[in-house]
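Working notes for the structure below.
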Amino acid sequence: MNHRKDETNTDATSGAGGNFPATAWSMVFQMQEGADSDAMDRAWERLARAYWQPLYAFLRRRGAEHHAACDDVQGFFAYLLSRAFIRRIEPGDGLFRSFLLRALLNWRADQYRASVTLKRGGRQTLIPFDELDEDEAMQDGCTPEETYDCRWARTVYDIALAALEERLTARGRGGQFLKLRGLLTGQEVARYQEIATELGMTISAVKQAATELRREFGVVLRGEIRKTVVAESQVDGEIRYLLGLLSKGC
């Protein structure tokens, strides 16, 4: 495997809100080289679990029933979070979303099970399947791969939005964020006057705040995307792809 150590980040828990590592691949490389810490394990688990909904949606679109798809995602995560799997990882095209989908397909081909008991170091790995909307995973007119990418786009967008809210709340601007968040996509521009009244601001001040919010969200979103690629040159393309999917109503 080719990778450069000077491109890795040794802080396994850094990132927006402290929820994810600086990059998925830097952490994988450290773990492959023998790094062993509870903080790194937790960071890897949180990053991996952020993708369970796209993987579930992919399997459902391929025809799996709800419970079978849940079993497969659970089984895959047991494998995904194992040291045996981490030692075998190759970045491929460098996109974490592509890597996970390939890994799932390989796992299903090689180690398919109808049901599994999840254990990792004696601890059960819990995925909140009760949060699922089963019908939402079955997007009409989409291939399984398109469904996966759409769910990935929405997941990353939501993660970035949550990170932005956390940042602004820490600055005492959580209430303003909740009023302005609908302006991020321009869907609520007709509400400028209403929002201005609610916040005790002028319309021009609301527009300026919305512009600043979009700018900061762009920074946060870029940071989330950067965690899942191996090269900075891939970030802009992934952002364009994500926004393109969302603009189609994914």
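Residue numbers start at 1 in each chain; chains themselves are named A, B, ... in the order of the structure tokens; ligands are numbered from 1 in the order shown.
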
Give me, as a PyMOL selection string, all polymer residues having an atom no more than 7 Å from region 227-230 of chain A, counting only C-alpha atoms and skipping those fewer than 6 positions away in the same chain.
chain A and resi 22-25+94-96

Please produce a file of the residues just selected, as a tab-separated table (two decimals), in the first residue's frame, where the atoms kept are C-alpha atoms.
```tsv
chain	number	residue	atom	x	y	z
A	22	ALA	CA	-9.17	14.43	10.94
A	23	THR	CA	-9.44	12.00	8.04
A	24	ALA	CA	-10.75	8.47	7.73
A	25	TRP	CA	-7.65	7.29	5.92
A	94	GLY	CA	-9.59	7.29	-2.18
A	95	LEU	CA	-13.29	7.98	-1.64
A	96	PHE	CA	-14.50	6.59	1.65
```

Test item: residues at most 7 Å from region 202-216 of chain A, only C-alpha atoms, excluding those fewer than 3 positions along its chain, as a list in words
Leu180, Leu183, Leu184, Tyr192, Gln193, Ala196, Val219 and Val220 of chain A
